[in-house]
Each structure stands twice: as C-alpha cells, then as structure tokens.
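Undergrad: Okay, handing you the structure first.
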Amino acid sequence: MMAINSKESLRRFPRIATPHGLWVAWTREGITGAEQTVSRVRDLNVGGLYILTNQPLPTGERVSVLFSVAEGEIRGSATVRNQVPGDGMGVEFLDMSEESNARLETLVARLLKTHLSREEAV
C-alpha cells in the first residue's frame with residue numbers, strides 16, 4: 001500500500017520535479033531598484049513553484065517571476081506561501097497574462113509527460 005503525504009494530498013495541483021536546467025528570475029515587488037535574483041526551480045505546477053535560494057523571502061511577500069523556456073517567456077506575479085531558511089521558498093502564482101498562463105500549462109504538460117515516461121522506463 002502506498003502512503004499518501006497529507007500535505008501533498010491537500011494540494012490543488014501535483015508537484016512536478018523539474019530538470020536541472022529550469023531557472024527563474026525573480027524580484028521582490030514593491031521595492032524600487034530591487035535586485036533581480038536568478039535561482040533554480042526544484043518543482044512546479046500550474047499553481048506555483050518552489051525556488052531554491054539560500055535567502056528566501058518571508059511568507060506573504062510578493063515577487064515578480066520570469067522564466068524563459070521552450071514554450072516561450074512566462075511572466076507573472078506570485079506570493080511566498082512557505083519558506084525554508086537556507087533552502088528555498090514555495091510561491092503561489094497570483095497574476096499572469098493569458099499568454100503566459102497558456103505557456104505555463106504547455107510547459108507543465110510537457111514536464112509531466114517526460115516525468116511519466118521516465119517512471120515507465122524504470
């Protein structure tokens with residue numbers, strides 16, 4: 001019998017592990033001249049992503065995110081939902097154009113297909 005992680009079962013969308021080449025540029029919103037940071041994405045779904053960073057922002061902070069993938073450029077606004085000092089932060093997408101949202105959905109579908117293909121190969 002497979003154990004179900006209760007926190008995972010409460011998620012609206014399943015997490016999808018990302019390849020090591022997926023990076024996100026993010027900036028703290030509301031700060032004039034805020035420095036842009038580029039970090040690796042550990043996992044994502046259509047609701048948000050987990051950003052690996054040694055200095056995560058506090059829960060509730062808003063960030064602008066930008067990632068460039070085969071599907072095109074994806075831009076949006078997000079809020080920090082959880083953070084682990086020295087590891088990273090989980091952010092939930094708040095606002096995204098229809099075009100960016102469509103690209104995100106295509107990216108997630110591609111990553112999910114790749115992930116499932118690898119599981120079947122094992």
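A note on labels: chains of the structure tokens are A, B, ... as shown, every chain counts residues from 1, and ligands are counted from 1 in their shown order.
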Set the distance at 8 Å and use only C-alpha atoms: which residues neighbour Pro85 of chain A once local chain neighbours fewer than 2 positions away are removed? I'd like the list as a list in words.
TA: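 So, after excluding close chain neighbours, the residues are Asn54, Gln55, Pro56, Gln83, Asp87 and Gly88 of chain A.
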Undergrad: Just write the chosen residues, N, CA and C atoms, as a PDB file, in the first residue's frame.
TA:
ATOM      1  N   ASN A  54      19.248  30.424  -1.028  1.00  0.00           N
ATOM      2  CA  ASN A  54      19.766  30.429   0.345  1.00  0.00           C
ATOM      3  C   ASN A  54      19.108  31.499   1.202  1.00  0.00           C
ATOM      4  N   GLN A  55      18.509  32.494   0.557  1.00  0.00           N
ATOM      5  CA  GLN A  55      17.888  33.600   1.292  1.00  0.00           C
ATOM      6  C   GLN A  55      16.434  33.791   0.849  1.00  0.00           C
ATOM      7  N   PRO A  56      15.548  32.884   1.273  1.00  0.00           N
ATOM      8  CA  PRO A  56      14.143  33.029   0.883  1.00  0.00           C
ATOM      9  C   PRO A  56      13.498  34.253   1.541  1.00  0.00           C
ATOM     10  N   GLN A  83       8.517  29.075   3.351  1.00  0.00           N
ATOM     11  CA  GLN A  83       9.951  29.229   3.115  1.00  0.00           C
ATOM     12  C   GLN A  83      10.716  28.387   4.117  1.00  0.00           C
ATOM     13  N   ASP A  87      17.250  26.995   2.172  1.00  0.00           N
ATOM     14  CA  ASP A  87      16.845  26.045   1.132  1.00  0.00           C
ATOM     15  C   ASP A  87      16.048  26.710   0.018  1.00  0.00           C
ATOM     16  N   GLY A  88      14.951  27.386   0.362  1.00  0.00           N
ATOM     17  CA  GLY A  88      14.155  27.991  -0.682  1.00  0.00           C
ATOM     18  C   GLY A  88      12.786  28.418  -0.218  1.00  0.00           C
TER      19      GLY A  88
END
Undergrad: Can you list, as a ChimeraX atom specification, every residue of chain A that DSSP puts in strand (DSSP E or B)?
TA: /A:16-17,23-28,37-45,48-52,62-69,72-84,88-96
Undergrad: Restrict the selected residues to N, CA and C atoms and save them as a short mmCIF file (atom, residue, chain, number, x, y, z; two decimals), in the first residue's frame.
TA:
data_model
loop_
_atom_site.label_atom_id
_atom_site.label_comp_id
_atom_site.auth_asym_id
_atom_site.auth_seq_id
_atom_site.Cartn_x
_atom_site.Cartn_y
_atom_site.Cartn_z
N ILE A 16 5.62 18.78 -9.91
CA ILE A 16 6.38 18.10 -10.96
C ILE A 16 7.84 18.52 -10.80
N ALA A 17 8.71 17.54 -10.57
CA ALA A 17 10.14 17.82 -10.47
C ALA A 17 10.62 18.37 -11.81
N TRP A 23 15.42 27.49 -14.69
CA TRP A 23 15.78 28.60 -13.80
C TRP A 23 14.70 29.66 -13.86
N VAL A 24 14.58 30.45 -12.79
CA VAL A 24 13.62 31.53 -12.73
C VAL A 24 14.33 32.80 -12.28
N ALA A 25 13.99 33.91 -12.91
CA ALA A 25 14.45 35.22 -12.45
C ALA A 25 13.31 35.78 -11.61
N TRP A 26 13.64 36.25 -10.41
CA TRP A 26 12.59 36.78 -9.54
C TRP A 26 13.07 38.05 -8.85
N THR A 27 12.09 38.92 -8.59
CA THR A 27 12.36 40.21 -7.97
C THR A 27 11.28 40.47 -6.93
N ARG A 28 11.69 40.96 -5.79
CA ARG A 28 10.74 41.35 -4.74
C ARG A 28 9.93 42.54 -5.24
N THR A 37 17.12 38.30 -8.85
CA THR A 37 17.86 37.10 -8.48
C THR A 37 17.48 35.99 -9.45
N VAL A 38 18.44 35.16 -9.82
CA VAL A 38 18.17 34.02 -10.67
C VAL A 38 18.45 32.77 -9.86
N SER A 39 17.46 31.88 -9.81
CA SER A 39 17.56 30.66 -9.00
C SER A 39 17.02 29.46 -9.77
N ARG A 40 17.43 28.28 -9.31
CA ARG A 40 16.92 27.05 -9.90
C ARG A 40 15.53 26.76 -9.36
N VAL A 41 14.69 26.17 -10.21
CA VAL A 41 13.34 25.75 -9.82
C VAL A 41 13.40 24.27 -9.46
N ARG A 42 13.01 23.91 -8.22
CA ARG A 42 13.02 22.50 -7.81
C ARG A 42 11.82 21.76 -8.37
N ASP A 43 10.65 22.37 -8.26
CA ASP A 43 9.45 21.77 -8.82
C ASP A 43 8.43 22.86 -9.11
N LEU A 44 7.45 22.52 -9.93
CA LEU A 44 6.42 23.50 -10.25
C LEU A 44 5.13 22.80 -10.63
N ASN A 45 4.07 23.57 -10.69
CA ASN A 45 2.79 23.13 -11.23
C ASN A 45 2.08 24.38 -11.71
N GLY A 48 1.98 27.20 -8.92
CA GLY A 48 3.15 27.85 -8.35
C GLY A 48 4.42 27.05 -8.55
N LEU A 49 5.48 27.41 -7.82
CA LEU A 49 6.75 26.73 -7.96
C LEU A 49 7.56 26.85 -6.67
N TYR A 50 8.58 25.99 -6.55
CA TYR A 50 9.49 26.06 -5.41
C TYR A 50 10.82 26.56 -5.94
N ILE A 51 11.27 27.70 -5.41
CA ILE A 51 12.50 28.36 -5.84
C ILE A 51 13.61 28.03 -4.85
N LEU A 52 14.70 27.46 -5.35
CA LEU A 52 15.85 27.18 -4.49
C LEU A 52 16.66 28.46 -4.29
N ARG A 62 5.45 39.52 -1.91
CA ARG A 62 5.11 39.34 -3.32
C ARG A 62 6.38 39.43 -4.17
N VAL A 63 6.41 38.59 -5.22
CA VAL A 63 7.55 38.57 -6.13
C VAL A 63 7.05 38.56 -7.57
N SER A 64 7.86 39.13 -8.45
CA SER A 64 7.64 39.00 -9.89
C SER A 64 8.54 37.87 -10.35
N VAL A 65 8.00 36.99 -11.19
CA VAL A 65 8.79 35.86 -11.69
C VAL A 65 8.83 35.91 -13.21
N LEU A 66 9.93 35.42 -13.75
CA LEU A 66 10.13 35.35 -15.19
C LEU A 66 10.96 34.13 -15.49
N PHE A 67 10.45 33.25 -16.35
CA PHE A 67 11.31 32.19 -16.83
C PHE A 67 11.11 32.02 -18.33
N SER A 68 12.22 31.71 -18.97
CA SER A 68 12.24 31.54 -20.41
C SER A 68 12.46 30.06 -20.70
N VAL A 69 11.51 29.46 -21.39
CA VAL A 69 11.53 28.02 -21.66
C VAL A 69 11.22 27.81 -23.13
N GLY A 72 8.31 29.53 -24.51
CA GLY A 72 8.36 30.99 -24.58
C GLY A 72 8.58 31.58 -23.21
N GLU A 73 8.49 32.89 -23.14
CA GLU A 73 8.70 33.60 -21.89
C GLU A 73 7.43 33.55 -21.04
N ILE A 74 7.60 33.24 -19.75
CA ILE A 74 6.47 33.19 -18.82
C ILE A 74 6.73 34.21 -17.72
N ARG A 75 5.80 35.16 -17.58
CA ARG A 75 5.92 36.21 -16.56
C ARG A 75 4.69 36.18 -15.67
N GLY A 76 4.91 36.51 -14.41
CA GLY A 76 3.77 36.56 -13.51
C GLY A 76 4.12 37.18 -12.18
N SER A 77 3.11 37.32 -11.36
CA SER A 77 3.25 37.81 -10.01
C SER A 77 2.88 36.67 -9.08
N ALA A 78 3.59 36.57 -7.95
CA ALA A 78 3.36 35.47 -7.03
C ALA A 78 3.54 35.94 -5.60
N THR A 79 3.09 35.13 -4.66
CA THR A 79 3.29 35.42 -3.25
C THR A 79 3.97 34.23 -2.58
N VAL A 80 4.85 34.53 -1.63
CA VAL A 80 5.56 33.47 -0.91
C VAL A 80 4.57 32.82 0.05
N ARG A 81 4.37 31.50 -0.09
CA ARG A 81 3.45 30.76 0.76
C ARG A 81 4.17 30.02 1.88
N ASN A 82 5.39 29.60 1.62
CA ASN A 82 6.21 28.98 2.67
C ASN A 82 7.67 29.18 2.32
N GLN A 83 8.52 29.08 3.35
CA GLN A 83 9.95 29.23 3.12
C GLN A 83 10.72 28.39 4.12
N VAL A 84 11.86 27.90 3.65
CA VAL A 84 12.76 27.11 4.47
C VAL A 84 14.11 27.81 4.44
N GLY A 88 14.95 27.39 0.36
CA GLY A 88 14.16 27.99 -0.68
C GLY A 88 12.79 28.42 -0.22
N MET A 89 11.93 28.69 -1.21
CA MET A 89 10.58 29.18 -0.90
C MET A 89 9.59 28.69 -1.94
N GLY A 90 8.40 28.37 -1.45
CA GLY A 90 7.30 28.00 -2.31
C GLY A 90 6.47 29.23 -2.59
N VAL A 91 6.20 29.49 -3.86
CA VAL A 91 5.41 30.66 -4.23
C VAL A 91 4.17 30.23 -5.01
N GLU A 92 3.09 30.95 -4.79
CA GLU A 92 1.84 30.69 -5.50
C GLU A 92 1.61 31.80 -6.51
N PHE A 93 1.30 31.41 -7.75
CA PHE A 93 1.02 32.41 -8.78
C PHE A 93 -0.27 33.15 -8.43
N LEU A 94 -0.22 34.48 -8.59
CA LEU A 94 -1.38 35.32 -8.32
C LEU A 94 -1.94 35.92 -9.60
N ASP A 95 -1.07 36.41 -10.44
CA ASP A 95 -1.49 37.14 -11.62
C ASP A 95 -0.56 36.79 -12.78
N MET A 96 -1.18 36.46 -13.92
CA MET A 96 -0.40 36.08 -15.09
C MET A 96 -1.26 36.35 -16.32
#
Undergrad: Atom CA of Gln36 of chain A and atom CA of Glu71 of chain A are how many Å apart?
TA: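 Taking atom CA of Gln36 of chain A as the start and atom CA of Glu71 of chain A as the end point, the length is 22.3 Å.
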Undergrad: What's the separation between atom CA of Glu99 of chain A and atom CA of Pro58 of chain A, in Å to one decimal place?
TA: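 Pair atom CA of Glu99 of chain A / atom CA of Pro58 of chain A returns 29.0 Å.
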Undergrad: When DSSP is applied to the backbone of this structure, which of segment 58-118 of chain A are assigned helix (DSSP H, G or I)? Write them out as a list of chain:residue names.
TA: A:Glu98, A:Glu99, A:Ser100, A:Asn101, A:Ala102, A:Arg103, A:Leu104, A:Glu105, A:Thr106, A:Leu107, A:Val108, A:Ala109, A:Arg110, A:Leu111, A:Leu112, A:Lys113, A:Thr114, A:His115, A:Leu116, A:Ser117, A:Arg118
Undergrad: The selected residues should be written to file as a PDB file, in the first residue's frame (atoms: N, CA and C atoms).
TA:
ATOM      1  N   GLU A  98      -2.928  35.828 -20.017  1.00  0.00           N
ATOM      2  CA  GLU A  98      -3.472  34.614 -20.640  1.00  0.00           C
ATOM      3  C   GLU A  98      -2.393  33.895 -21.440  1.00  0.00           C
ATOM      4  N   GLU A  99      -1.559  34.660 -22.118  1.00  0.00           N
ATOM      5  CA  GLU A  99      -0.494  34.081 -22.931  1.00  0.00           C
ATOM      6  C   GLU A  99       0.519  33.337 -22.053  1.00  0.00           C
ATOM      7  N   SER A 100       0.948  33.959 -20.948  1.00  0.00           N
ATOM      8  CA  SER A 100       1.890  33.299 -20.036  1.00  0.00           C
ATOM      9  C   SER A 100       1.252  32.073 -19.398  1.00  0.00           C
ATOM     10  N   ASN A 101      -0.024  32.175 -19.045  1.00  0.00           N
ATOM     11  CA  ASN A 101      -0.721  31.041 -18.442  1.00  0.00           C
ATOM     12  C   ASN A 101      -0.796  29.863 -19.412  1.00  0.00           C
ATOM     13  N   ALA A 102      -1.081  30.142 -20.675  1.00  0.00           N
ATOM     14  CA  ALA A 102      -1.129  29.076 -21.685  1.00  0.00           C
ATOM     15  C   ALA A 102       0.246  28.429 -21.850  1.00  0.00           C
ATOM     16  N   ARG A 103       1.298  29.229 -21.842  1.00  0.00           N
ATOM     17  CA  ARG A 103       2.659  28.691 -21.952  1.00  0.00           C
ATOM     18  C   ARG A 103       3.004  27.830 -20.739  1.00  0.00           C
ATOM     19  N   LEU A 104       2.580  28.288 -19.553  1.00  0.00           N
ATOM     20  CA  LEU A 104       2.825  27.523 -18.329  1.00  0.00           C
ATOM     21  C   LEU A 104       2.124  26.177 -18.392  1.00  0.00           C
ATOM     22  N   GLU A 105       0.875  26.162 -18.821  1.00  0.00           N
ATOM     23  CA  GLU A 105       0.135  24.905 -18.929  1.00  0.00           C
ATOM     24  C   GLU A 105       0.804  23.954 -19.914  1.00  0.00           C
ATOM     25  N   THR A 106       1.311  24.493 -21.023  1.00  0.00           N
ATOM     26  CA  THR A 106       2.023  23.662 -22.009  1.00  0.00           C
ATOM     27  C   THR A 106       3.314  23.121 -21.420  1.00  0.00           C
ATOM     28  N   LEU A 107       4.054  23.953 -20.683  1.00  0.00           N
ATOM     29  CA  LEU A 107       5.288  23.522 -20.021  1.00  0.00           C
ATOM     30  C   LEU A 107       5.006  22.407 -19.022  1.00  0.00           C
ATOM     31  N   VAL A 108       3.997  22.588 -18.187  1.00  0.00           N
ATOM     32  CA  VAL A 108       3.657  21.585 -17.184  1.00  0.00           C
ATOM     33  C   VAL A 108       3.262  20.271 -17.856  1.00  0.00           C
ATOM     34  N   ALA A 109       2.481  20.338 -18.921  1.00  0.00           N
ATOM     35  CA  ALA A 109       2.085  19.124 -19.649  1.00  0.00           C
ATOM     36  C   ALA A 109       3.315  18.407 -20.206  1.00  0.00           C
ATOM     37  N   ARG A 110       4.261  19.176 -20.751  1.00  0.00           N
ATOM     38  CA  ARG A 110       5.486  18.576 -21.299  1.00  0.00           C
ATOM     39  C   ARG A 110       6.314  17.919 -20.196  1.00  0.00           C
ATOM     40  N   LEU A 111       6.494  18.616 -19.080  1.00  0.00           N
ATOM     41  CA  LEU A 111       7.280  18.053 -17.976  1.00  0.00           C
ATOM     42  C   LEU A 111       6.613  16.823 -17.381  1.00  0.00           C
ATOM     43  N   LEU A 112       5.286  16.856 -17.287  1.00  0.00           N
ATOM     44  CA  LEU A 112       4.554  15.708 -16.752  1.00  0.00           C
ATOM     45  C   LEU A 112       4.704  14.505 -17.670  1.00  0.00           C
ATOM     46  N   LYS A 113       4.621  14.743 -18.962  1.00  0.00           N
ATOM     47  CA  LYS A 113       4.782  13.656 -19.940  1.00  0.00           C
ATOM     48  C   LYS A 113       6.186  13.061 -19.835  1.00  0.00           C
ATOM     49  N   THR A 114       7.204  13.922 -19.713  1.00  0.00           N
ATOM     50  CA  THR A 114       8.590  13.465 -19.572  1.00  0.00           C
ATOM     51  C   THR A 114       8.764  12.676 -18.287  1.00  0.00           C
ATOM     52  N   HIS A 115       8.186  13.190 -17.197  1.00  0.00           N
ATOM     53  CA  HIS A 115       8.279  12.538 -15.886  1.00  0.00           C
ATOM     54  C   HIS A 115       7.625  11.150 -15.939  1.00  0.00           C
ATOM     55  N   LEU A 116       6.455  11.048 -16.530  1.00  0.00           N
ATOM     56  CA  LEU A 116       5.752   9.766 -16.617  1.00  0.00           C
ATOM     57  C   LEU A 116       6.492   8.784 -17.502  1.00  0.00           C
ATOM     58  N   SER A 117       7.106   9.290 -18.583  1.00  0.00           N
ATOM     59  CA  SER A 117       7.892   8.417 -19.477  1.00  0.00           C
ATOM     60  C   SER A 117       9.082   7.819 -18.734  1.00  0.00           C
ATOM     61  N   ARG A 118       9.721   8.609 -17.878  1.00  0.00           N
ATOM     62  CA  ARG A 118      10.866   8.106 -17.105  1.00  0.00           C
ATOM     63  C   ARG A 118      10.413   7.050 -16.106  1.00  0.00           C
TER      64      ARG A 118
END
